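For reference, input-v2.txt is printed below; it contains compact mmCIF, C-alpha atoms and all ligand atoms.
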# COMPACT_ATOMS: atom_id res chain seq x y z
CA MET A 1 17.03 37.80 -9.97
CA ASN A 2 15.88 34.62 -8.29
CA ASN A 3 12.61 32.77 -8.00
CA CYS A 4 11.63 31.10 -4.78
CA PHE A 5 9.29 28.21 -4.05
CA ILE A 6 7.85 28.22 -0.55
CA ILE A 7 6.30 25.00 0.74
CA LEU A 8 3.99 25.36 3.71
CA ALA A 9 3.98 22.33 5.97
CA GLY A 10 3.53 24.03 9.31
CA GLY A 11 0.01 22.88 10.11
CA GLU A 12 -0.85 20.65 13.03
CA SER A 13 -2.52 18.04 10.79
CA LYS A 14 -5.52 18.12 13.12
CA ARG A 15 -7.92 16.72 10.56
CA PHE A 16 -5.37 14.05 9.82
CA ASN A 17 -5.89 11.49 12.51
CA SER A 18 -2.43 9.91 12.81
CA LYS A 19 0.72 9.98 14.93
CA THR A 20 2.75 10.78 11.84
CA PRO A 21 1.94 14.32 10.70
CA LYS A 22 0.46 14.56 7.23
CA PRO A 23 3.51 15.91 5.32
CA TYR A 24 5.59 12.94 6.50
CA HIS A 25 3.25 10.17 5.39
CA ILE A 26 4.22 8.01 2.45
CA TYR A 27 2.14 8.88 -0.60
CA ARG A 28 2.81 7.28 -4.01
CA GLY A 29 6.18 5.93 -2.97
CA LYS A 30 7.61 8.92 -1.12
CA HIS A 31 6.92 11.26 1.76
CA LEU A 32 4.11 13.64 0.90
CA ILE A 33 6.27 16.76 1.34
CA VAL A 34 9.07 15.33 -0.83
CA HIS A 35 6.80 15.36 -3.91
CA SER A 36 6.68 19.16 -3.81
CA ILE A 37 10.39 19.50 -2.99
CA ASP A 38 11.44 17.22 -5.86
CA LYS A 39 9.25 19.02 -8.38
CA ALA A 40 10.51 22.43 -7.29
CA LYS A 41 14.14 21.22 -7.48
CA LYS A 42 13.61 19.88 -10.97
CA TYR A 43 12.10 23.12 -12.23
CA LYS A 44 14.88 25.25 -13.70
CA LYS A 45 13.32 28.66 -13.05
CA ILE A 46 13.21 27.97 -9.32
CA ASN A 47 16.54 28.50 -7.60
CA LYS A 48 15.54 28.84 -3.98
CA ILE A 49 13.29 26.57 -1.94
CA VAL A 50 11.99 27.27 1.55
CA ILE A 51 10.03 24.80 3.63
CA VAL A 52 8.04 26.00 6.58
CA ILE A 53 7.59 23.26 9.14
CA ASN A 54 5.75 22.96 12.42
CA LYS A 55 8.33 23.06 15.21
CA LYS A 56 6.79 19.93 16.71
CA HIS A 57 7.75 18.07 13.53
CA ARG A 58 11.49 18.82 13.68
CA ASN A 59 12.43 15.18 14.09
CA PHE A 60 10.33 14.10 11.13
CA ILE A 61 11.96 16.55 8.72
CA LYS A 62 15.43 15.73 10.07
CA LYS A 63 15.00 12.08 9.12
CA LEU A 64 14.36 13.03 5.50
CA ASN A 65 17.90 14.45 5.08
CA ILE A 66 16.73 17.18 2.76
CA ILE A 67 19.54 19.16 1.17
CA ASN A 68 19.75 22.50 -0.64
CA VAL A 69 16.51 23.64 0.92
CA LYS A 70 16.04 26.26 3.61
CA ILE A 71 13.97 24.90 6.47
CA ILE A 72 12.30 27.33 8.86
CA GLU A 73 9.74 26.95 11.60
CA GLY A 74 6.30 28.37 11.04
CA GLY A 75 4.02 30.57 13.09
CA LYS A 76 0.63 29.98 14.65
CA THR A 77 -1.33 30.40 11.44
CA ARG A 78 -0.82 29.73 7.77
CA ALA A 79 -0.52 33.45 7.12
CA ASP A 80 2.11 33.78 9.83
CA SER A 81 4.10 30.91 8.37
CA ALA A 82 3.99 32.38 4.86
CA TYR A 83 5.09 35.74 6.26
CA ARG A 84 8.06 34.18 8.06
CA ALA A 85 9.11 32.44 4.86
CA LEU A 86 8.85 35.66 2.86
CA LYS A 87 10.95 37.54 5.42
CA SER A 88 13.55 34.77 5.49
CA ILE A 89 14.45 35.39 1.82
CA LYS A 90 14.61 39.20 2.07
CA ASN A 91 18.25 39.28 1.05
CA ASN A 92 18.07 36.74 -1.76
CA ASN A 93 17.20 39.12 -4.59
CA ILE A 94 13.89 37.37 -5.24
CA LYS A 95 11.69 38.38 -8.16
CA ASN A 96 8.84 35.90 -8.05
CA VAL A 97 7.69 33.66 -5.25
CA MET A 98 5.41 30.64 -5.37
CA ILE A 99 3.52 29.71 -2.25
CA HIS A 100 2.43 26.12 -2.09
CA ASP A 101 0.74 23.75 0.36
CA ALA A 102 2.68 20.54 0.98
CA ALA A 103 -0.69 18.78 1.04
CA ARG A 104 -0.98 19.16 -2.75
CA PRO A 105 1.61 16.71 -4.10
CA ASN A 106 0.07 16.37 -7.56
CA PHE A 107 0.62 19.79 -9.14
CA THR A 108 2.19 19.62 -12.57
CA ILE A 109 5.24 21.20 -14.18
CA LYS A 110 2.80 22.53 -16.78
CA LEU A 111 1.05 24.48 -14.04
CA LEU A 112 4.39 26.01 -13.00
CA ASP A 113 4.98 27.01 -16.63
CA LYS A 114 1.60 28.73 -16.73
CA LEU A 115 2.22 30.55 -13.45
CA PHE A 116 5.60 31.87 -14.56
CA LYS A 117 4.21 32.95 -17.91
CA GLU A 118 1.41 34.93 -16.28
CA LEU A 119 3.73 36.45 -13.69
CA LYS A 120 5.40 38.39 -16.50
CA SER A 121 2.34 40.65 -16.63
CA ASN A 122 0.63 40.03 -13.27
CA ASP A 123 1.60 40.37 -9.61
CA CYS A 124 -0.68 37.63 -8.31
CA VAL A 125 -1.57 34.47 -10.24
CA VAL A 126 -3.89 31.87 -8.77
CA PRO A 127 -4.84 28.50 -10.25
CA ALA A 128 -8.49 27.66 -9.69
CA ILE A 129 -11.04 25.19 -10.90
CA LYS A 130 -14.72 25.63 -11.57
CA ILE A 131 -17.04 23.49 -9.56
CA ASN A 132 -19.53 20.97 -10.86
CA ASP A 133 -21.62 20.55 -7.74
CA THR A 134 -24.49 22.79 -6.78
CA VAL A 135 -23.51 25.14 -4.00
CA LYS A 136 -25.92 26.38 -1.41
CA GLN A 137 -25.51 29.02 1.20
CA LYS A 138 -27.37 29.20 4.46
CA ILE A 139 -28.29 32.70 5.53
CA LYS A 140 -30.09 32.62 8.86
CA ASN A 141 -32.86 30.10 8.18
CA THR A 142 -32.97 30.36 4.44
CA ILE A 143 -30.92 28.28 2.04
CA ILE A 144 -30.12 29.86 -1.29
CA ASN A 145 -28.49 28.47 -4.41
CA LEU A 146 -25.28 30.19 -5.44
CA ASN A 147 -24.49 30.68 -9.09
CA ARG A 148 -21.67 28.19 -9.62
CA GLU A 149 -20.50 30.10 -12.70
CA ASN A 150 -19.09 32.66 -10.29
CA ILE A 151 -17.48 30.22 -7.89
CA TYR A 152 -13.89 29.04 -8.06
CA LEU A 153 -11.96 26.64 -5.90
CA THR A 154 -8.46 27.98 -5.57
CA GLN A 155 -5.36 25.79 -5.54
CA THR A 156 -1.65 26.15 -4.93
CA PRO A 157 1.07 26.85 -5.97
CA GLN A 158 0.09 30.49 -6.28
CA GLY A 159 2.53 32.90 -7.87
CA PHE A 160 3.39 36.41 -6.70
CA ASN A 161 5.66 39.30 -7.33
CA TYR A 162 7.81 38.94 -4.24
CA LYS A 163 8.21 42.60 -3.32
CA LYS A 164 4.53 43.40 -3.71
CA LEU A 165 3.43 40.42 -1.66
CA LEU A 166 5.90 41.16 1.11
CA LYS A 167 4.67 44.75 1.25
CA LEU A 168 1.06 43.62 1.60
CA GLN A 169 2.07 41.08 4.25
CA ASN A 170 3.92 43.82 6.17
CA ASN A 171 0.77 45.93 6.18
CA LYS A 172 -1.78 43.18 6.72
CA SER A 173 -4.43 43.71 9.35
CA SER A 174 -6.81 40.78 9.34
CA GLU A 175 -6.41 37.02 9.31
CA ILE A 176 -6.13 35.50 5.85
CA THR A 177 -6.33 31.92 4.64
CA ASP A 178 -4.35 32.38 1.46
CA ASP A 179 -1.99 35.01 0.19
CA ALA A 180 -4.09 35.92 -2.81
CA ASN A 181 -6.64 37.30 -0.35
CA LEU A 182 -4.16 40.00 0.54
CA PHE A 183 -4.33 41.24 -3.03
CA ILE A 184 -8.12 40.99 -3.05
CA SER A 185 -8.57 42.91 0.20
CA ALA A 186 -6.12 45.56 -1.00
CA GLY A 187 -8.30 45.99 -4.10
CA LYS A 188 -5.55 44.73 -6.40
CA LYS A 189 -5.98 42.57 -9.47
CA ILE A 190 -5.48 38.86 -9.27
CA LYS A 191 -5.13 36.69 -12.33
CA ILE A 192 -7.03 33.40 -12.24
CA ILE A 193 -5.66 30.60 -14.40
CA ASN A 194 -7.05 27.13 -14.98
CA GLY A 195 -6.01 24.79 -12.19
CA ASP A 196 -5.81 21.04 -12.47
CA PRO A 197 -8.56 18.76 -11.13
CA ASN A 198 -5.86 16.25 -10.11
CA ASN A 199 -4.09 18.82 -7.95
CA LYS A 200 -6.20 17.84 -4.97
CA LYS A 201 -5.45 18.56 -1.38
CA ILE A 202 -4.74 15.57 0.83
CA THR A 203 -6.86 16.28 3.87
CA VAL A 204 -7.84 13.10 5.64
CA ASN A 205 -6.07 9.79 6.17
CA SER A 206 -8.24 8.02 3.63
CA ASP A 207 -6.85 10.24 0.83
CA ILE A 208 -3.49 8.56 1.40
CA ARG A 209 -4.72 5.13 2.40
CA ILE A 210 -6.74 4.63 -0.78
CA ASP A 211 -3.68 5.45 -2.80
CA ASN A 212 -1.41 3.11 -0.87
CA SER A 213 -3.82 0.23 -0.77
CA THR A 214 -2.81 -1.52 -4.00
CA LYS A 215 -1.09 -4.81 -3.24
CA TYR A 216 0.67 -7.18 -5.60
CA GLY A 217 1.06 -10.95 -5.58
CA ILE A 218 2.97 -13.43 -7.68
CA GLY A 219 1.98 -16.99 -8.57
CA PHE A 220 3.79 -19.83 -10.32
CA ASP A 221 2.78 -23.37 -11.16
CA VAL A 222 4.06 -26.25 -13.25
CA HIS A 223 2.39 -29.56 -14.12
CA LYS A 224 3.68 -32.65 -15.81
CA LEU A 225 2.11 -33.51 -19.19
CA VAL A 226 1.11 -37.16 -19.65
CA PRO A 227 -0.92 -39.11 -22.21
CA ARG A 228 -4.61 -39.93 -21.64
CA LYS A 229 -5.23 -36.94 -19.40
CA LYS A 230 -7.39 -33.90 -20.01
CA LEU A 231 -5.76 -30.53 -20.50
CA TYR A 232 -7.41 -27.70 -18.58
CA LEU A 233 -5.93 -24.23 -18.97
CA GLY A 234 -7.47 -21.02 -17.65
CA GLY A 235 -10.60 -22.91 -16.66
CA ILE A 236 -11.34 -24.30 -20.14
CA LYS A 237 -10.73 -27.71 -21.70
CA ILE A 238 -8.25 -27.63 -24.54
CA PRO A 239 -8.04 -30.41 -27.14
CA SER A 240 -4.65 -32.07 -26.75
CA PRO A 241 -3.16 -35.60 -26.95
CA VAL A 242 -1.56 -34.98 -23.55
CA GLY A 243 -2.95 -33.52 -20.36
CA THR A 244 -1.72 -32.41 -16.97
CA LEU A 245 -1.09 -34.66 -14.03
CA GLY A 246 -2.39 -33.32 -10.74
CA HIS A 247 -4.43 -33.96 -7.64
CA SER A 248 -7.12 -31.62 -8.91
CA ASP A 249 -7.79 -31.06 -12.61
CA GLY A 250 -4.19 -29.80 -12.84
CA ASP A 251 -4.94 -26.37 -14.33
CA PRO A 252 -1.65 -24.46 -13.84
CA VAL A 253 -3.19 -21.16 -14.94
CA LEU A 254 -5.92 -21.10 -12.32
CA HIS A 255 -3.49 -22.42 -9.71
CA ALA A 256 -1.03 -19.62 -10.40
CA ILE A 257 -3.86 -17.07 -10.35
CA MET A 258 -4.99 -18.34 -6.95
CA ASP A 259 -1.48 -18.08 -5.54
CA ALA A 260 -1.02 -14.59 -6.96
CA LEU A 261 -4.32 -13.43 -5.44
CA LEU A 262 -3.64 -15.07 -2.10
CA GLY A 263 -0.16 -13.56 -2.11
CA ALA A 264 -1.47 -10.06 -2.86
CA CYS A 265 -3.95 -10.37 -0.01
CA ASN A 266 -1.35 -11.81 2.36
CA MET A 267 -3.45 -14.96 2.77
CA GLY A 268 -0.96 -17.79 2.28
CA ASP A 269 -1.06 -20.19 -0.69
CA ILE A 270 -3.26 -22.81 -2.33
CA GLY A 271 -1.29 -25.70 -0.81
CA GLU A 272 -2.42 -24.54 2.62
CA LYS A 273 -6.01 -23.96 1.53
CA PHE A 274 -6.58 -27.02 -0.64
CA SER A 275 -4.11 -29.71 0.40
CA ASP A 276 -3.24 -32.25 -2.30
CA THR A 277 -3.51 -35.03 0.26
CA ASN A 278 -7.13 -34.20 1.00
CA GLU A 279 -9.47 -36.62 -0.79
CA LYS A 280 -12.08 -33.85 -0.96
CA PHE A 281 -10.04 -32.08 -3.61
CA LYS A 282 -9.20 -35.15 -5.70
CA ASN A 283 -10.00 -34.42 -9.36
CA ILE A 284 -11.85 -31.25 -8.33
CA ARG A 285 -12.18 -28.59 -11.01
CA SER A 286 -9.91 -25.67 -10.29
CA THR A 287 -12.72 -23.32 -11.30
CA ILE A 288 -14.45 -24.31 -8.03
CA LEU A 289 -11.28 -23.63 -6.05
CA LEU A 290 -10.69 -20.22 -7.66
CA LYS A 291 -14.28 -19.23 -6.96
CA LYS A 292 -13.71 -20.08 -3.30
CA VAL A 293 -10.53 -17.99 -3.19
CA VAL A 294 -12.29 -15.04 -4.82
CA GLU A 295 -15.16 -15.27 -2.33
CA GLU A 296 -12.69 -15.35 0.54
CA ILE A 297 -10.64 -12.37 -0.59
CA LYS A 298 -13.82 -10.43 -1.26
CA SER A 299 -15.06 -11.16 2.24
CA LYS A 300 -11.87 -9.51 3.48
CA GLU A 301 -12.70 -6.38 1.44
CA PHE A 302 -10.17 -6.92 -1.35
CA ILE A 303 -11.06 -5.98 -4.92
CA ILE A 304 -9.13 -7.50 -7.83
CA ASN A 305 -7.44 -4.80 -9.84
CA ASN A 306 -5.68 -6.73 -12.60
CA ILE A 307 -4.25 -10.14 -13.48
CA ASP A 308 -1.36 -10.65 -15.90
CA ILE A 309 -0.65 -14.21 -17.02
CA ASN A 310 2.24 -15.94 -18.82
CA ILE A 311 1.48 -19.48 -20.00
CA ILE A 312 4.67 -21.28 -20.94
CA THR A 313 4.16 -24.26 -23.20
CA GLN A 314 5.60 -25.62 -26.42
CA LYS A 315 2.27 -27.04 -27.55
CA PRO A 316 -0.60 -26.43 -28.06
CA LYS A 317 -0.56 -22.91 -29.51
CA LEU A 318 -2.80 -20.88 -27.27
CA GLN A 319 -3.67 -17.84 -29.38
CA LYS A 320 -7.13 -19.09 -30.37
CA TYR A 321 -8.06 -20.02 -26.78
CA LYS A 322 -7.06 -16.76 -25.14
CA LYS A 323 -10.45 -15.08 -25.47
CA LYS A 324 -12.28 -18.09 -24.06
CA MET A 325 -9.84 -18.32 -21.12
CA ILE A 326 -10.24 -14.62 -20.36
CA ASN A 327 -14.03 -14.98 -20.44
CA CYS A 328 -13.86 -17.88 -18.02
CA ILE A 329 -11.42 -16.17 -15.62
CA LYS A 330 -13.36 -12.91 -15.68
CA LYS A 331 -16.53 -14.69 -14.56
CA LEU A 332 -14.76 -16.58 -11.79
CA CYS A 333 -12.97 -13.44 -10.56
CA GLU A 334 -15.99 -11.16 -11.10
CA ILE A 335 -13.96 -8.64 -13.07
CA SER A 336 -13.99 -7.41 -16.67
CA ASN A 337 -11.98 -8.55 -19.70
CA SER A 338 -9.85 -5.42 -19.62
CA GLN A 339 -8.46 -6.44 -16.23
CA ILE A 340 -6.98 -9.69 -17.54
CA ASN A 341 -4.03 -10.18 -19.88
CA ILE A 342 -2.77 -13.52 -21.18
CA LYS A 343 0.54 -14.04 -22.94
CA GLY A 344 1.50 -17.35 -24.53
CA LYS A 345 5.21 -18.23 -24.43
CA THR A 346 7.20 -21.16 -25.71
CA ALA A 347 10.36 -22.50 -24.10
CA GLU A 348 12.24 -22.50 -27.44
CA LYS A 349 12.23 -26.32 -27.27
CA LEU A 350 14.50 -26.17 -24.24
CA GLY A 351 14.13 -28.20 -21.07
CA VAL A 352 11.10 -30.19 -19.97
CA ILE A 353 8.65 -27.55 -21.19
CA GLY A 354 10.36 -27.31 -24.57
CA LYS A 355 10.21 -31.10 -24.88
CA GLU A 356 6.45 -30.97 -24.18
CA LYS A 357 6.78 -32.86 -20.90
CA ALA A 358 5.43 -30.04 -18.74
CA ILE A 359 3.45 -26.85 -18.83
CA ALA A 360 4.03 -23.84 -16.58
CA CYS A 361 2.30 -20.62 -15.75
CA GLU A 362 3.25 -17.45 -13.94
CA VAL A 363 0.87 -14.73 -12.82
CA ILE A 364 1.06 -11.33 -11.25
CA ALA A 365 -2.13 -9.98 -9.72
CA SER A 366 -2.90 -6.69 -8.02
CA VAL A 367 -5.72 -6.07 -5.58
CA ILE A 368 -7.07 -3.03 -3.81
CA LYS A 369 -7.96 -3.10 -0.15
CA ASN A 370 -11.26 -1.40 0.20
CA ASP A 371 -11.63 -0.10 3.74
ZN ZN B 1 -1.07 -26.80 -9.87

What would you get if you wrote out this structure as structure tokens?
Ligand code: ZN
Amino acid sequence: MNNCFIILAGGESKRFNSKTPKPYHIYRGKHLIVHSIDKAKKYKKINKIVIVINKKHRNFIKKLNIINVKIIEGGKTRADSAYRALKSIKNNNIKNVMIHDAARPNFTIKLLDKLFKELKSNDCVVPAIKINDTVKQKIKNTIINLNRENIYLTQTPQGFNYKKLLKLQNNKSSEITDDANLFISAGKKIKIINGDPNNKKITVNSDIRIDNSTKYGIGFDVHKLVPRKKLYLGGIKIPSPVGTLGHSDGDPVLHAIMDALLGACNMGDIGEKFSDTNEKFKNIRSTILLKKVVEEIKSKEFIINNIDINIITQKPKLQKYKKKMINCIKKLCEISNSQINIKGKTAEKLGVIGKEKAIACEVIASVIKND
């Protein structure tokens, strides 16, 4: 006996305001629909996969080169599409069938385990979550509070005994929004199991955009170390017989942070912003420059997510200054300590850094576009 996973992607994506239909948008690194396909393929108990697409989306699915999956075109409604899928596997000796919305890419393998376990003693298993919000119902002109203890939000995948579901579908009379309703309206038992709050439905563009809005930038800087100069690192002054040579205060850490942030926001580099031939910036503290950069990226609706820093120097040892540097950077960047990481590295006495003639810093920063 076989188990089949049906993925419904036949909707028009009307609420999804984009030329690319919802299932074919990139979400967390791959097309939305591919998340469900990949998970179903990986799950050993599933040996048949059917995708129901909207016939207008033929070209989109073709481009994905999906193999070992049956692709059929859906009907006018969700119920129609599910029915077509069920009929298409009539001769495949199916025992259990899962029906799933492509718009829920975040279901877990654990949820599939639970569904299969419950299907041993039930014909219809539905994951659902309790709600935390107060729910009101409007009846004519009166608004009443509903008892949220009795309210569930159902999710997919939902599991069914194939033969029983097909029979109910064959006999169905009214329009249904999900297949479990067939069992309910036929007076049959459905088994509710705990769903997963992360198994959310992607409904509007912003659900995807928020997820895809993390950007990364890289920064690197190196300064020559010379006698009788101050050493500024990460915005703080560090006692040292040698200091950095630079047009500004020569702080390679803040310079690399600025470049990483500007890179993540696609806003060029510090050389373009604060030219080292401009007298205005001569001996300027880099803390002032970083503050300017942060203000600018914030004005473009970017939020700093995290900053990871490597400071490469033979001397001085930086361990005891890390906390102070983080405190300084956090204030300048308006973020918290937990968003900044500093690692001190030596150059194993190799090259100019190892011979204490230079100090370098590399930074990776991530930002979130908030729009
Ligand atoms: Zn620099």

Once you count only C-alpha atoms and all ligand atoms, which residues end up within 7 Å of ligand ZN 1 (chain B), and could you hand them over as an mmCIF file with C-alpha atoms, in the frame of the given file?
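The resulting file, pocket-v2.cif, is reproduced below:
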data_model
loop_
_atom_site.group_PDB
_atom_site.id
_atom_site.type_symbol
_atom_site.label_atom_id
_atom_site.label_comp_id
_atom_site.auth_asym_id
_atom_site.auth_seq_id
_atom_site.Cartn_x
_atom_site.Cartn_y
_atom_site.Cartn_z
ATOM 1 C CA ASP A 221 2.780 -23.370 -11.160
ATOM 2 C CA VAL A 222 4.060 -26.250 -13.250
ATOM 3 C CA HIS A 223 2.390 -29.560 -14.120
ATOM 4 C CA GLY A 246 -2.390 -33.320 -10.740
ATOM 5 C CA GLY A 250 -4.190 -29.800 -12.840
ATOM 6 C CA ASP A 251 -4.940 -26.370 -14.330
ATOM 7 C CA PRO A 252 -1.650 -24.460 -13.840
ATOM 8 C CA HIS A 255 -3.490 -22.420 -9.710
#

Selection: 12 Å around Lys117 of chain A, all atoms listed in the file, excl. self and same-chain fewer than 6 positions, as an NGL selection string | :A and (45 or 96 or 110-111 or 123-125 or 159-160 or 191 or 193)

Would you output that residue set with C-alpha atoms, as an mmCIF file, in the frame of the given file?
data_model
loop_
_atom_site.group_PDB
_atom_site.id
_atom_site.type_symbol
_atom_site.label_atom_id
_atom_site.label_comp_id
_atom_site.auth_asym_id
_atom_site.auth_seq_id
_atom_site.Cartn_x
_atom_site.Cartn_y
_atom_site.Cartn_z
ATOM 1 C CA LYS A 45 13.320 28.660 -13.050
ATOM 2 C CA ASN A 96 8.840 35.900 -8.050
ATOM 3 C CA LYS A 110 2.800 22.530 -16.780
ATOM 4 C CA LEU A 111 1.050 24.480 -14.040
ATOM 5 C CA ASP A 123 1.600 40.370 -9.610
ATOM 6 C CA CYS A 124 -0.680 37.630 -8.310
ATOM 7 C CA VAL A 125 -1.570 34.470 -10.240
ATOM 8 C CA GLY A 159 2.530 32.900 -7.870
ATOM 9 C CA PHE A 160 3.390 36.410 -6.700
ATOM 10 C CA LYS A 191 -5.130 36.690 -12.330
ATOM 11 C CA ILE A 193 -5.660 30.600 -14.400
#

A straight line from atom CA of Asn65 of chain A to atom CA of Val34 of chain A spans 10.7 Å

Residues near Ile99 of chain A, cut-off 7 Å, all atoms listed in the file, skip fewer than 3 positions along chain, as a ChimeraX atom specification: /A:5-7,156-159

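Atom CA of Ile304 of chain A is positioned 13.3 Å from atom CA of Asp259 of chain A.
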
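Here atom CA of Thr20 of chain A stands at a distance of 14.6 Å from atom CA of Ala102 of chain A.
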
Write out as a short mmCIF file (atom, residue, chain, number, x, y, z; two decimals) with C-alpha atoms, in the coordinates of the input which residues come within 12 Å of Asp38 of chain A when counting only C-alpha atoms, dropping same-chain ones fewer than 6 positions away.
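Saved result, selection-v7.cif, follows:
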data_model
loop_
_atom_site.label_atom_id
_atom_site.label_comp_id
_atom_site.auth_asym_id
_atom_site.auth_seq_id
_atom_site.Cartn_x
_atom_site.Cartn_y
_atom_site.Cartn_z
CA PHE A 5 9.29 28.21 -4.05
CA ILE A 7 6.30 25.00 0.74
CA LYS A 30 7.61 8.92 -1.12
CA HIS A 31 6.92 11.26 1.76
CA LEU A 32 4.11 13.64 0.90
CA LYS A 44 14.88 25.25 -13.70
CA ILE A 46 13.21 27.97 -9.32
CA ILE A 49 13.29 26.57 -1.94
CA ILE A 66 16.73 17.18 2.76
CA ILE A 67 19.54 19.16 1.17
CA ASN A 68 19.75 22.50 -0.64
CA VAL A 69 16.51 23.64 0.92
CA ALA A 102 2.68 20.54 0.98
CA PRO A 105 1.61 16.71 -4.10
CA ASN A 106 0.07 16.37 -7.56
CA PHE A 107 0.62 19.79 -9.14
CA THR A 108 2.19 19.62 -12.57
CA ILE A 109 5.24 21.20 -14.18
#

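With only C-alpha atoms as the atoms that count, the residue of A:Lys172, A:Leu261, A:Lys163, A:Ser248 with the shortest distance to Phe281 of chain A is A:Ser248.
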
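In this comparison, which uses all atoms listed in the file, the residue of A:Asn283, A:Asn150, A:Thr313, A:Asn171 approaching Lys343 of chain A most closely is A:Thr313.
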
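Residues with any atom within 7 Å of Tyr162 of chain A, counting only C-alpha atoms and excluding same-chain neighbours fewer than 4 positions away, are A:Ile94, A:Lys95, A:Asn96, A:Val97, A:Leu166.
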
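Distance annotation: of A:Lys63, A:Lys55, A:Lys292, A:Lys215, the residue with the minimal separation from Ala365 of chain A is A:Lys215; atom set is all atoms listed in the file.
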
- Query: What lies within 8 Å of Ile326 of chain A using only C-alpha atoms, ignoring chain neighbours under 3 positions off, as a list of chain:residue names?
  - Reply: A:Gly234, A:Lys322, A:Lys323, A:Ile329, A:Lys330, A:Asn337, A:Ile340, A:Asn341, A:Ile342

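Distance annotation: of A:Lys282, A:Lys41, A:Lys200, A:Arg104, the residue with the minimal separation from Asn3 of chain A is A:Lys41; atom set is all atoms listed in the file.
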
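Counting all atoms listed in the file and comparing A:Lys130, A:Ala103, A:Lys320, A:Ser366, the residue that lies closest to Asn205 of chain A is A:Ala103.
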
Residue with the minimum atom-to-atom distance to Asp101 of chain A, picked from A:Ile238, A:Ile37, A:Leu225, A:Cys4 with all atoms listed in the file counted, is A:Ile37

request  = Would you be able to write out as an MDAnalysis selection string which residues have an atom within 12 Å of (-1.5, 35.6, 8.3) in the file's coordinates, counting only C-alpha atoms?
outcome  = chainID A and resid 74:86 166 168:182
